[in-house]
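Trainee: Below is the file run37.tsv, with TSV, C-alpha atoms.
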```
chain	number	residue	atom	x	y	z
A	29	MET	CA	-7.46	36.88	9.99
A	30	SER	CA	-8.54	33.30	10.57
A	31	ARG	CA	-8.35	30.70	7.85
A	32	THR	CA	-12.11	30.14	7.96
A	33	ARG	CA	-12.67	33.80	7.03
A	34	ARG	CA	-10.18	34.03	4.21
A	35	ARG	CA	-10.56	30.58	2.60
A	36	ALA	CA	-13.72	29.25	0.99
A	37	THR	CA	-14.59	25.79	2.28
A	38	ILE	CA	-14.29	22.73	0.09
A	39	LEU	CA	-17.95	21.96	0.73
A	40	GLY	CA	-18.95	25.47	-0.33
A	41	ALA	CA	-16.67	25.42	-3.35
A	42	ALA	CA	-18.01	22.03	-4.36
A	43	ALA	CA	-21.57	23.26	-4.10
A	44	ALA	CA	-20.76	26.28	-6.25
A	45	SER	CA	-19.06	24.00	-8.76
A	46	VAL	CA	-22.11	21.77	-8.92
A	47	VAL	CA	-24.33	24.78	-9.71
A	48	ALA	CA	-21.87	26.08	-12.31
A	49	GLY	CA	-21.41	22.67	-13.87
A	50	VAL	CA	-24.97	21.41	-13.66
A	51	ALA	CA	-24.92	20.41	-17.31
A	52	LEU	CA	-22.17	17.90	-16.51
A	53	LEU	CA	-24.15	16.12	-13.81
A	54	PRO	CA	-26.19	12.97	-14.43
A	55	ASN	CA	-29.97	13.10	-14.45
A	56	TRP	CA	-31.08	12.87	-10.81
A	57	SER	CA	-34.82	12.69	-11.63
A	58	ALA	CA	-36.93	9.75	-10.48
A	59	GLY	CA	-37.01	8.44	-14.02
A	60	ALA	CA	-33.25	8.40	-14.53
A	61	ALA	CA	-31.85	5.11	-15.73
A	62	VAL	CA	-29.91	3.05	-13.21
A	63	VAL	CA	-26.42	2.24	-14.48
A	64	ASP	CA	-25.10	-1.30	-14.00
A	65	ASP	CA	-21.87	-1.69	-12.07
A	66	PRO	CA	-19.81	0.98	-13.82
A	67	THR	CA	-16.43	0.35	-15.35
A	68	VAL	CA	-13.41	2.51	-14.55
A	69	ASP	CA	-11.82	3.48	-17.85
A	70	ALA	CA	-8.55	5.34	-18.41
A	71	GLN	CA	-10.27	8.73	-18.33
A	72	THR	CA	-11.94	7.97	-14.99
A	73	LYS	CA	-8.64	6.77	-13.52
A	74	ALA	CA	-7.01	10.00	-14.67
A	75	THR	CA	-9.73	11.98	-12.91
A	76	PHE	CA	-9.21	9.93	-9.73
A	77	GLN	CA	-5.55	10.94	-9.91
A	78	ARG	CA	-6.33	14.62	-10.47
A	79	LEU	CA	-8.75	14.71	-7.56
A	80	ALA	CA	-6.20	13.01	-5.29
A	81	ASP	CA	-3.61	15.57	-6.40
A	82	ALA	CA	-6.04	18.38	-5.55
A	83	VAL	CA	-6.79	16.94	-2.08
A	84	PHE	CA	-3.13	16.66	-1.06
A	85	THR	CA	-2.14	19.94	-2.69
A	86	ASP	CA	-4.85	21.66	-0.63
A	87	ARG	CA	-3.50	20.04	2.52
A	88	THR	CA	0.08	21.07	1.83
A	89	ASP	CA	-0.89	24.60	0.84
A	90	ALA	CA	-2.64	24.97	4.20
A	91	LEU	CA	0.85	25.02	5.74
A	92	VAL	CA	2.24	27.68	3.40
A	93	ASP	CA	2.41	31.39	4.13
A	94	GLY	CA	1.33	33.95	1.55
A	95	LYS	CA	-0.74	33.77	-1.60
A	96	GLN	CA	-0.35	30.04	-2.23
A	97	GLY	CA	-1.59	29.18	1.26
A	98	ASP	CA	-4.51	31.60	1.05
A	99	ARG	CA	-6.14	30.32	-2.14
A	100	GLU	CA	-9.74	31.53	-2.28
A	101	LYS	CA	-11.19	28.18	-3.31
A	102	PRO	CA	-9.69	24.79	-2.47
A	103	LEU	CA	-8.75	22.82	-5.56
A	104	ALA	CA	-10.66	19.71	-4.49
A	105	GLY	CA	-13.90	21.68	-4.33
A	106	GLY	CA	-13.77	22.37	-8.04
A	107	PHE	CA	-14.63	18.82	-9.10
A	108	SER	CA	-18.16	18.01	-10.24
A	109	GLY	CA	-19.86	15.65	-12.63
A	110	HIS	CA	-18.51	12.14	-13.10
A	111	VAL	CA	-15.95	12.25	-10.23
A	112	ARG	CA	-16.19	14.48	-7.19
A	113	LEU	CA	-16.03	14.67	-3.40
A	114	SER	CA	-18.90	13.31	-1.35
A	115	SER	CA	-20.46	15.85	1.00
A	116	GLY	CA	-19.08	13.93	3.99
A	117	THR	CA	-15.54	13.96	2.59
A	118	ALA	CA	-15.86	17.65	1.79
A	119	ARG	CA	-16.70	18.35	5.44
A	120	THR	CA	-13.80	16.15	6.58
A	121	GLU	CA	-11.36	17.97	4.31
A	122	ASP	CA	-12.62	21.35	5.54
A	123	ALA	CA	-11.86	20.23	9.10
A	124	THR	CA	-8.47	18.90	8.03
A	125	LEU	CA	-7.49	22.19	6.40
A	126	SER	CA	-8.54	24.09	9.52
A	127	SER	CA	-6.44	21.79	11.71
A	128	LEU	CA	-3.45	22.15	9.40
A	129	GLY	CA	-3.89	25.91	9.57
A	130	ARG	CA	-3.50	25.64	13.33
A	131	ARG	CA	-0.43	23.46	12.84
A	132	LYS	CA	1.01	26.16	10.57
A	133	ASP	CA	0.58	28.66	13.44
A	134	LYS	CA	2.35	26.29	15.85
A	135	LEU	CA	5.20	25.82	13.41
A	136	ALA	CA	5.51	29.58	12.96
A	137	LYS	CA	5.82	30.02	16.72
A	138	ALA	CA	8.62	27.44	16.64
A	139	GLY	CA	10.39	29.52	14.01
A	140	GLU	CA	9.41	27.43	11.01
A	141	LYS	CA	7.59	28.81	7.98
A	142	TYR	CA	7.18	27.60	4.41
A	143	SER	CA	7.11	30.00	1.49
A	144	LYS	CA	5.87	27.60	-1.20
A	145	SER	CA	5.21	23.96	-1.93
A	146	THR	CA	4.79	21.51	-4.77
A	147	THR	CA	2.75	18.33	-4.58
A	148	THR	CA	2.36	15.64	-7.19
A	149	VAL	CA	0.35	12.42	-6.96
A	150	THR	CA	1.01	9.22	-8.88
A	151	LEU	CA	-1.77	6.66	-9.32
A	152	ASN	CA	-0.20	3.26	-8.61
A	153	ALA	CA	-3.17	0.91	-8.92
A	154	THR	CA	-6.97	0.91	-9.04
A	155	ARG	CA	-9.07	-1.98	-7.74
A	156	VAL	CA	-12.78	-2.05	-8.61
A	157	THR	CA	-15.36	-4.24	-6.90
A	158	GLY	CA	-18.92	-3.58	-7.97
A	159	ARG	CA	-19.60	0.06	-7.21
A	160	THR	CA	-16.49	0.60	-5.09
A	161	ALA	CA	-13.11	1.65	-6.48
A	162	LYS	CA	-9.96	1.84	-4.36
A	163	ALA	CA	-7.08	3.88	-5.74
A	164	ALA	CA	-3.58	3.46	-4.31
A	165	VAL	CA	-1.53	6.62	-4.80
A	166	THR	CA	1.89	8.04	-3.91
A	167	GLU	CA	2.12	11.67	-2.86
A	168	THR	CA	5.44	13.46	-3.34
A	169	THR	CA	5.69	16.88	-1.71
A	170	THR	CA	8.44	19.49	-1.44
A	171	LEU	CA	8.16	22.46	0.93
A	172	THR	CA	10.48	25.46	0.68
A	173	TYR	CA	11.68	26.87	3.99
A	174	ALA	CA	11.00	30.59	4.21
A	175	GLN	CA	14.00	32.88	4.70
A	176	ALA	CA	16.56	30.07	4.77
A	177	ARG	CA	20.00	31.60	5.18
A	178	GLY	CA	23.61	30.48	5.14
A	179	GLY	CA	23.97	26.71	5.23
A	180	ALA	CA	20.38	26.06	6.27
A	181	PRO	CA	18.43	23.58	4.12
A	182	ARG	CA	16.31	25.29	1.48
A	183	THR	CA	13.68	22.56	1.25
A	184	THR	CA	12.19	19.59	3.01
A	185	GLY	CA	10.31	16.82	1.26
A	186	PHE	CA	8.45	13.59	1.81
A	187	GLN	CA	6.67	10.73	0.10
A	188	ALA	CA	3.44	9.28	1.46
A	189	GLN	CA	1.24	6.38	0.42
A	190	HIS	CA	-2.55	6.73	0.48
A	191	GLU	CA	-5.65	4.78	-0.47
A	192	LEU	CA	-8.70	6.65	-1.77
A	193	THR	CA	-12.12	4.99	-1.79
A	194	PHE	CA	-14.64	6.01	-4.45
A	195	LYS	CA	-18.24	4.82	-4.52
A	196	ALA	CA	-20.53	5.06	-7.55
A	197	ASP	CA	-24.19	6.02	-7.15
A	198	GLU	CA	-27.02	4.53	-9.22
A	199	GLN	CA	-26.30	6.87	-12.10
A	200	GLY	CA	-22.60	5.99	-12.20
A	201	THR	CA	-21.21	9.15	-10.55
A	202	TRP	CA	-18.07	8.36	-8.54
A	203	GLN	CA	-17.79	10.13	-5.18
A	204	LEU	CA	-14.64	10.17	-3.06
A	205	THR	CA	-15.81	8.84	0.31
A	206	LYS	CA	-12.59	8.07	2.20
A	207	VAL	CA	-8.93	9.15	2.25
A	208	GLU	CA	-6.61	6.90	4.23
A	209	ASP	CA	-2.86	7.05	4.91
A	210	THR	CA	-1.31	3.62	4.39
A	211	ASP	CA	2.29	4.28	5.48
A	212	GLN	CA	3.24	2.91	8.87
A	213	GLY	CA	5.07	6.05	9.88
A	214	GLY	CA	2.26	8.58	9.69
A	215	LEU	CA	4.83	11.37	10.03
A	216	ALA	CA	4.21	13.48	6.95
A	217	VAL	CA	3.94	17.14	7.93
A	218	ASN	CA	0.59	17.56	6.17
A	219	THR	CA	-1.14	14.57	7.75
A	220	LEU	CA	-3.21	14.42	10.91
A	221	SER	CA	-3.15	10.63	11.11
A	222	LYS	CA	-1.96	9.19	14.38
A	223	PRO	CA	1.63	7.92	14.01
A	224	THR	CA	2.06	4.18	14.17
A	225	SER	CA	3.24	2.79	17.49
A	226	VAL	CA	5.56	-0.21	17.70
A	227	LYS	CA	4.54	-3.15	19.84
A	228	ALA	CA	6.65	-3.21	22.99
A	229	THR	CA	9.49	-5.73	23.08
A	230	THR	CA	10.39	-7.29	26.42
A	231	ALA	CA	13.92	-6.53	27.58
A	232	ASP	CA	15.99	-8.20	30.27
A	233	ASP	CA	18.16	-6.40	32.80
A	234	THR	CA	21.06	-6.06	30.35
A	235	MET	CA	19.01	-3.79	28.10
A	236	PRO	CA	19.14	-0.25	29.50
A	237	ASN	CA	16.44	2.33	28.90
A	238	ALA	CA	17.71	5.49	27.28
A	239	PRO	CA	16.93	8.71	29.18
A	240	ARG	CA	14.42	11.08	27.61
A	241	ALA	CA	15.72	14.24	25.99
A	242	ALA	CA	14.30	17.69	26.64
A	243	THR	CA	12.81	19.71	23.76
A	244	THR	CA	13.49	23.25	24.94
A	245	ARG	CA	15.28	25.54	22.50
A	246	ASN	CA	18.85	26.86	22.75
A	247	PRO	CA	20.46	24.34	25.11
A	248	VAL	CA	24.18	24.36	25.84
A	249	ALA	CA	25.93	23.06	22.72
A	250	VAL	CA	27.64	19.66	22.90
A	251	PRO	CA	30.07	19.53	19.93
A	252	LYS	CA	31.41	16.23	18.63
A	253	THR	CA	35.04	15.45	19.45
A	254	GLY	CA	37.47	12.58	18.96
A	255	THR	CA	35.64	9.99	16.90
A	256	ALA	CA	36.59	7.60	14.11
A	257	TYR	CA	33.24	7.78	12.34
A	258	ASN	CA	32.55	9.63	9.10
A	259	TYR	CA	29.43	11.65	9.81
A	260	LYS	CA	29.36	13.31	6.41
A	261	ALA	CA	29.23	9.84	4.84
A	262	MET	CA	26.31	8.91	7.09
A	263	ALA	CA	24.37	12.01	6.04
A	264	ALA	CA	25.28	11.56	2.37
A	265	TYR	CA	24.02	7.98	2.40
A	266	ALA	CA	20.73	8.92	4.07
A	267	GLU	CA	20.09	11.77	1.66
A	268	LYS	CA	20.92	9.56	-1.33
A	269	TYR	CA	18.50	6.81	-0.34
A	270	TRP	CA	15.72	8.69	1.45
A	271	SER	CA	13.25	8.00	-1.38
A	272	VAL	CA	15.07	5.48	-3.62
A	273	TYR	CA	15.81	2.40	-1.52
A	274	ASN	CA	19.18	0.64	-1.67
A	275	THR	CA	18.55	-2.80	-3.17
A	276	ASP	CA	21.55	-4.19	-1.24
A	277	TYR	CA	19.20	-4.35	1.76
A	278	PRO	CA	15.64	-5.57	2.26
A	279	ASN	CA	12.85	-2.98	2.33
A	280	TYR	CA	10.65	-3.27	5.43
A	281	ASN	CA	8.28	-0.46	4.53
A	282	GLY	CA	4.77	-1.92	4.63
A	283	HIS	CA	5.59	-4.79	7.00
A	284	ALA	CA	2.96	-5.31	9.67
A	285	ASP	CA	5.49	-5.50	12.53
A	286	GLY	CA	7.15	-2.17	11.77
A	287	GLY	CA	8.48	0.03	8.99
A	288	ASP	CA	11.89	0.63	7.48
A	289	CYS	CA	13.05	3.51	9.69
A	290	THR	CA	15.64	1.71	11.83
A	291	ASN	CA	16.89	-0.44	8.96
A	292	PHE	CA	17.52	2.78	7.03
A	293	VAL	CA	19.34	4.47	9.92
A	294	SER	CA	21.49	1.37	10.50
A	295	GLN	CA	22.51	1.41	6.83
A	296	SER	CA	23.49	5.07	7.18
A	297	LEU	CA	25.57	4.38	10.30
A	298	LYS	CA	27.25	1.48	8.55
A	299	ALA	CA	28.12	3.78	5.62
A	300	GLY	CA	29.86	6.07	8.12
A	301	GLY	CA	31.99	3.42	9.77
A	302	TRP	CA	29.88	1.34	12.17
A	303	LYS	CA	31.23	-2.23	12.00
A	304	HIS	CA	29.24	-5.46	12.21
A	305	VAL	CA	29.15	-7.38	15.46
A	306	PRO	CA	28.25	-10.88	14.23
A	307	GLY	CA	26.25	-13.34	16.27
A	308	TYR	CA	22.77	-14.60	16.97
A	309	VAL	CA	19.97	-12.63	15.26
A	310	TYR	CA	18.00	-12.19	18.50
A	311	ASP	CA	21.01	-11.20	20.62
A	312	TYR	CA	20.65	-7.46	21.17
A	313	THR	CA	24.37	-7.12	21.92
A	314	LYS	CA	25.05	-8.02	18.26
A	315	TRP	CA	24.51	-5.80	15.21
A	316	PHE	CA	24.75	-6.76	11.52
A	317	GLY	CA	22.82	-6.40	8.30
A	318	ASN	CA	23.11	-7.16	4.60
A	319	ALA	CA	20.92	-8.38	1.76
A	320	ASP	CA	20.46	-11.84	3.29
A	321	ILE	CA	20.21	-11.40	7.05
A	322	GLN	CA	19.77	-8.64	9.63
A	323	SER	CA	19.98	-8.72	13.39
A	324	ASP	CA	16.98	-7.47	15.34
A	325	SER	CA	19.18	-4.61	16.52
A	326	PHE	CA	19.77	-3.57	12.90
A	327	VAL	CA	16.07	-3.25	12.02
A	328	GLY	CA	14.17	-2.87	15.33
A	329	VAL	CA	13.61	0.48	17.04
A	330	ASN	CA	14.00	-0.67	20.66
A	331	GLU	CA	16.55	-3.34	19.80
A	332	TRP	CA	18.77	-0.74	18.11
A	333	SER	CA	18.61	1.44	21.22
A	334	TRP	CA	19.65	-1.45	23.44
A	335	PHE	CA	22.60	-2.33	21.21
A	336	ALA	CA	23.66	1.30	20.84
A	337	GLN	CA	23.84	1.74	24.60
A	338	ASN	CA	25.32	-1.65	25.52
A	339	SER	CA	28.04	-1.30	22.89
A	340	LYS	CA	28.92	2.22	24.05
A	341	ARG	CA	28.73	3.39	20.44
A	342	THR	CA	26.36	6.11	21.55
A	343	LYS	CA	25.78	8.26	24.59
A	344	PRO	CA	22.58	10.09	25.49
A	345	LEU	CA	22.11	13.78	24.90
A	346	ALA	CA	20.05	15.82	27.33
A	347	ASN	CA	18.26	17.86	24.65
A	348	VAL	CA	17.16	17.14	21.08
A	349	PHE	CA	18.59	20.46	19.89
A	350	GLN	CA	22.07	19.24	20.89
A	351	LEU	CA	21.98	16.69	18.07
A	352	GLU	CA	24.61	17.06	15.33
A	353	VAL	CA	25.03	15.51	11.88
A	354	GLY	CA	25.21	11.72	12.15
A	355	ASP	CA	23.41	11.59	15.49
A	356	VAL	CA	20.19	9.63	15.95
A	357	LEU	CA	16.77	10.72	17.21
A	358	GLN	CA	14.03	8.37	18.36
A	359	MET	CA	10.40	9.03	19.32
A	360	ASP	CA	7.86	7.25	21.52
A	361	PHE	CA	4.55	8.65	20.29
A	362	ASP	CA	2.31	7.51	23.15
A	363	LYS	CA	4.92	7.46	25.94
A	364	ASN	CA	4.26	3.79	26.70
A	365	GLY	CA	7.97	3.04	27.13
A	366	SER	CA	8.35	1.45	23.70
A	367	LYS	CA	10.17	3.57	21.13
A	368	ASP	CA	8.35	3.86	17.80
A	369	HIS	CA	10.51	5.69	15.27
A	370	THR	CA	14.19	6.22	14.39
A	371	MET	CA	15.72	9.12	12.40
A	372	ILE	CA	19.21	10.36	11.56
A	373	VAL	CA	20.42	13.96	11.52
A	374	THR	CA	21.69	14.95	8.06
A	375	SER	CA	21.98	18.73	8.47
A	376	LYS	CA	22.11	21.38	11.17
A	377	SER	CA	21.82	25.17	10.96
A	378	GLY	CA	21.02	27.94	13.40
A	379	GLY	CA	20.95	25.49	16.29
A	380	VAL	CA	18.26	23.36	14.61
A	381	PRO	CA	18.97	19.74	13.55
A	382	TYR	CA	17.26	18.38	10.42
A	383	VAL	CA	16.43	14.68	10.26
A	384	THR	CA	16.00	12.30	7.33
A	385	TYR	CA	14.07	9.05	7.67
A	386	HIS	CA	11.96	6.29	6.13
A	387	SER	CA	8.30	5.47	6.72
A	388	ASN	CA	7.19	8.14	5.66
A	389	ASN	CA	10.20	8.76	3.45
A	390	THR	CA	11.32	12.23	4.51
A	391	PHE	CA	14.20	14.56	3.60
A	392	ARG	CA	15.57	17.17	6.02
A	393	ARG	CA	12.63	17.75	8.31
A	394	SER	CA	13.51	20.08	11.16
A	395	VAL	CA	13.41	18.82	14.73
A	396	ALA	CA	11.51	22.03	15.53
A	397	SER	CA	8.75	20.84	13.19
A	398	LEU	CA	8.58	17.43	14.88
A	399	VAL	CA	8.40	18.92	18.37
A	400	ALA	CA	5.73	21.41	17.33
A	401	SER	CA	3.68	18.74	15.56
A	402	TYR	CA	4.03	16.05	18.26
A	403	PRO	CA	4.44	17.92	21.55
A	404	ASN	CA	3.20	14.97	23.65
A	405	ALA	CA	5.72	12.43	22.33
A	406	ALA	CA	8.80	11.32	24.23
A	407	TYR	CA	12.13	12.02	22.49
A	408	TYR	CA	15.47	10.22	22.79
A	409	ALA	CA	18.69	11.76	21.44
A	410	TYR	CA	21.84	9.71	20.79
A	411	ARG	CA	25.35	11.02	20.16
A	412	THR	CA	27.01	8.58	17.75
```
I need this file expressed as structure tokens, please.

Mentor:
Amino acid sequence: MSRTRRRATILGAAAASVVAGVALLPNWSAGAAVVDDPTVDAQTKATFQRLADAVFTDRTDALVDGKQGDREKPLAGGFSGHVRLSSGTARTEDATLSSLGRRKDKLAKAGEKYSKSTTTVTLNATRVTGRTAKAAVTETTTLTYAQARGGAPRTTGFQAQHELTFKADEQGTWQLTKVEDTDQGGLAVNTLSKPTSVKATTADDTMPNAPRAATTRNPVAVPKTGTAYNYKAMAAYAEKYWSVYNTDYPNYNGHADGGDCTNFVSQSLKAGGWKHVPGYVYDYTKWFGNADIQSDSFVGVNEWSWFAQNSKRTKPLANVFQLEVGDVLQMDFDKNGSKDHTMIVTSKSGGVPYVTYHSNNTFRRSVASLVASYPNAAYYAYRT
């Protein structure tokens, strides 16, 4: 049965809520008093937070199999009165839930299903200008993998930053008019935002292009042999700091010229035995990073790839499903030749690698999920 048949729409649920809660609504008659620029008190802020929580819980639940994913009425549609969805936002969220339902079907075909989820939203700040309020929030979501067996990860999780815009009408009713992702990554599993591309960096002839990796399932295994690196330490570091950043390094999440993904992976590699190669910051044959200074190859997506290949610390893998713990995966979202995102493998089970990364901060997301969600991206797999 399709999602549109079994799930009430947010717009429909909101309309029903308005009828049921008509006593809570302001007087819409021609003689109603016009409220001056309204203030946003603690109670209103709390309602902003609850509505944001409902919006992102609805989105996550759209990916979940079973009762939780088939809720009769979306949570966000139950708000009326002083704070509620605008009709336009309700339509947008209906379309988003339908699209996420289709993503759930794609994930299921790739062998990935979620049995339950939990989503919480923290209100970080509220900025009010006249009749417009902008609420900055952090979403923290955990999804439980269905039928996880053996050593397979039981859960995956992520954090995402959003900005919600509320506008007050003449009677002081706040309506949610816009929901915007503000992370650079744009790689949360419950978002439809286009992932952020990195501006291409010019390379000279000494900077080789890595070959693309195939995304077909069940390739010939390529086990790791004869290395001095501690891959368990790499994975342990990444999983320790996936959401709580190590203050021994700068945090590049939110920077206009790129996020924190490669900086985070470089830290993880360093924790597992990669040694500094000191030198000029802009020399892509050098690699170093600490609290005070980082080479471009330590923090830049393409620059890291050039160093990794020139130094012979990595070799390319033909298929993303050949990745093992401690290996690195990169993506070029729009296939323009400039790599956009860097991730490190922290677990593998049943032939499926699971990656952990920053921007969005994400814990043990399966490569199968990435490939199903971004089938048109180019992938690059590195054996470390």

Trainee: Kindly give the distance, in Å, that separates CA of Ala118 in chain A and CA of Thr160 in chain A, rounded to a single decimal.

Mentor: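 Computing the Euclidean distance for CA of Ala118 in chain A and CA of Thr160 in chain A yields 18.4 Å.
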
Trainee: Which of these residues is nearest to Lys137 in chain A, using only C-alpha atoms: A:Val399, A:Asn218, A:Ala409, A:Thr224?

Mentor: A:Val399

Trainee: Would you mind reading off the distance between CA of Ala405 in chain A and CA of Lys260 in chain A, one decimal, in Å?

Mentor: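 Here the two named atoms are 28.5 Å from each other.
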
Trainee: Using Å and a single decimal, report how far CA of Gly328 in chain A sits from CA of Thr313 in chain A.

Mentor: 12.9 Å

Trainee: Taking only C-alpha atoms into account, which of A:Asp362, A:Glu191, A:Asp355, A:Glu100 comes nearest Asn258 in chain A?

Mentor: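 Of the candidates, the smallest distance to Asn258 in chain A is held by A:Asp355.
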
Trainee: Go through A:Leu204, A:Val250, A:Val293, A:Ala261 and flag the residue nearest Lys162 in chain A, using only C-alpha atoms for the distances.

Mentor: A:Leu204

Trainee: I need the residue nearest Gly129 in chain A from this list: A:Thr75, A:Leu192, A:Ser271, A:Val217. Use all atoms listed in the file for the distance.

Mentor: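 When distances to Gly129 in chain A are compared using all atoms listed in the file, the smallest one comes from A:Val217.
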
Trainee: Please list as a PyMOL selection string every residue within 12 Å of Ala188 in chain A, counting only C-alpha atoms and excluding residues in the same chain fewer than 4 positions away.

Mentor: chain A and resi 84+147-150+164-170+208-219+221+271+281-282+386-390

Trainee: From the options A:Ile38, A:Ala406, A:Val329, A:Val356, which residue's atoms come nearest to Lys227 in chain A, counting all atoms listed in the file?

Mentor: A:Val329

Trainee: Neighbours of Ser115 in chain A within 9 Å (all atoms listed in the file; same-chain residues fewer than 3 positions away dropped), as a list in words?

Mentor: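 The contact residues come out as Leu39, Ala42, Ala118, Arg119, Thr120, Gln203 and Thr205 of chain A.
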
Trainee: Tell me which of A:Leu345, A:Thr370, A:Thr244, A:Thr253 sits closest to Gly287 in chain A, counting only C-alpha atoms.

Mentor: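 The closest residue to Gly287 in chain A is A:Thr370.
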
Trainee: Kindly reconstruct range 129-150 of chain A with N, CA and C atoms and present the result as an mmCIF file, in the coordinates of the input.

Mentor:
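As a result, selection_0.cif now contains:
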```cif
data_model
loop_
_atom_site.group_PDB
_atom_site.id
_atom_site.type_symbol
_atom_site.label_atom_id
_atom_site.label_comp_id
_atom_site.auth_asym_id
_atom_site.auth_seq_id
_atom_site.Cartn_x
_atom_site.Cartn_y
_atom_site.Cartn_z
ATOM 1 N N GLY A 129 -4.126 24.484 9.364
ATOM 2 C CA GLY A 129 -3.890 25.910 9.570
ATOM 3 C C GLY A 129 -3.403 26.192 10.984
ATOM 4 N N ARG A 130 -3.971 25.488 11.953
ATOM 5 C CA ARG A 130 -3.500 25.640 13.330
ATOM 6 C C ARG A 130 -2.096 25.087 13.504
ATOM 7 N N ARG A 131 -1.802 23.982 12.784
ATOM 8 C CA ARG A 131 -0.430 23.460 12.840
ATOM 9 C C ARG A 131 0.542 24.478 12.254
ATOM 10 N N LYS A 132 0.144 25.133 11.169
ATOM 11 C CA LYS A 132 1.010 26.160 10.570
ATOM 12 C C LYS A 132 1.333 27.232 11.612
ATOM 13 N N ASP A 133 0.342 27.646 12.410
ATOM 14 C CA ASP A 133 0.580 28.660 13.440
ATOM 15 C C ASP A 133 1.553 28.144 14.498
ATOM 16 N N LYS A 134 1.426 26.868 14.879
ATOM 17 C CA LYS A 134 2.350 26.290 15.850
ATOM 18 C C LYS A 134 3.770 26.254 15.293
ATOM 19 N N LEU A 135 3.889 25.866 14.032
ATOM 20 C CA LEU A 135 5.200 25.820 13.410
ATOM 21 C C LEU A 135 5.825 27.213 13.345
ATOM 22 N N ALA A 136 5.001 28.201 13.037
ATOM 23 C CA ALA A 136 5.510 29.580 12.960
ATOM 24 C C ALA A 136 6.046 30.026 14.317
ATOM 25 N N LYS A 137 5.353 29.663 15.390
ATOM 26 C CA LYS A 137 5.820 30.020 16.720
ATOM 27 C C LYS A 137 7.140 29.336 17.054
ATOM 28 N N ALA A 138 7.359 28.158 16.438
ATOM 29 C CA ALA A 138 8.620 27.440 16.640
ATOM 30 C C ALA A 138 9.714 27.926 15.701
ATOM 31 N N GLY A 139 9.402 28.953 14.908
ATOM 32 C CA GLY A 139 10.390 29.520 14.010
ATOM 33 C C GLY A 139 10.442 28.885 12.641
ATOM 34 N N GLU A 140 9.412 28.126 12.293
ATOM 35 C CA GLU A 140 9.410 27.430 11.010
ATOM 36 C C GLU A 140 8.254 27.898 10.136
ATOM 37 N N LYS A 141 8.607 28.389 8.946
ATOM 38 C CA LYS A 141 7.590 28.810 7.980
ATOM 39 C C LYS A 141 7.980 28.281 6.609
ATOM 40 N N TYR A 142 6.956 28.048 5.785
ATOM 41 C CA TYR A 142 7.180 27.600 4.410
ATOM 42 C C TYR A 142 6.680 28.664 3.452
ATOM 43 N N SER A 143 7.479 28.943 2.428
ATOM 44 C CA SER A 143 7.110 30.000 1.490
ATOM 45 C C SER A 143 6.383 29.465 0.265
ATOM 46 N N LYS A 144 6.589 28.205 -0.075
ATOM 47 C CA LYS A 144 5.870 27.600 -1.200
ATOM 48 C C LYS A 144 5.983 26.086 -1.102
ATOM 49 N N SER A 145 5.170 25.414 -1.919
ATOM 50 C CA SER A 145 5.210 23.960 -1.930
ATOM 51 C C SER A 145 4.825 23.439 -3.301
ATOM 52 N N THR A 146 5.242 22.216 -3.577
ATOM 53 C CA THR A 146 4.790 21.510 -4.770
ATOM 54 C C THR A 146 4.382 20.106 -4.361
ATOM 55 N N THR A 147 3.246 19.666 -4.871
ATOM 56 C CA THR A 147 2.750 18.330 -4.580
ATOM 57 C C THR A 147 2.331 17.657 -5.875
ATOM 58 N N THR A 148 2.801 16.439 -6.060
ATOM 59 C CA THR A 148 2.360 15.640 -7.190
ATOM 60 C C THR A 148 1.898 14.277 -6.682
ATOM 61 N N VAL A 149 0.901 13.712 -7.354
ATOM 62 C CA VAL A 149 0.350 12.420 -6.960
ATOM 63 C C VAL A 149 0.411 11.462 -8.132
ATOM 64 N N THR A 150 0.942 10.280 -7.885
ATOM 65 C CA THR A 150 1.010 9.220 -8.880
ATOM 66 C C THR A 150 -0.013 8.144 -8.542
#
```
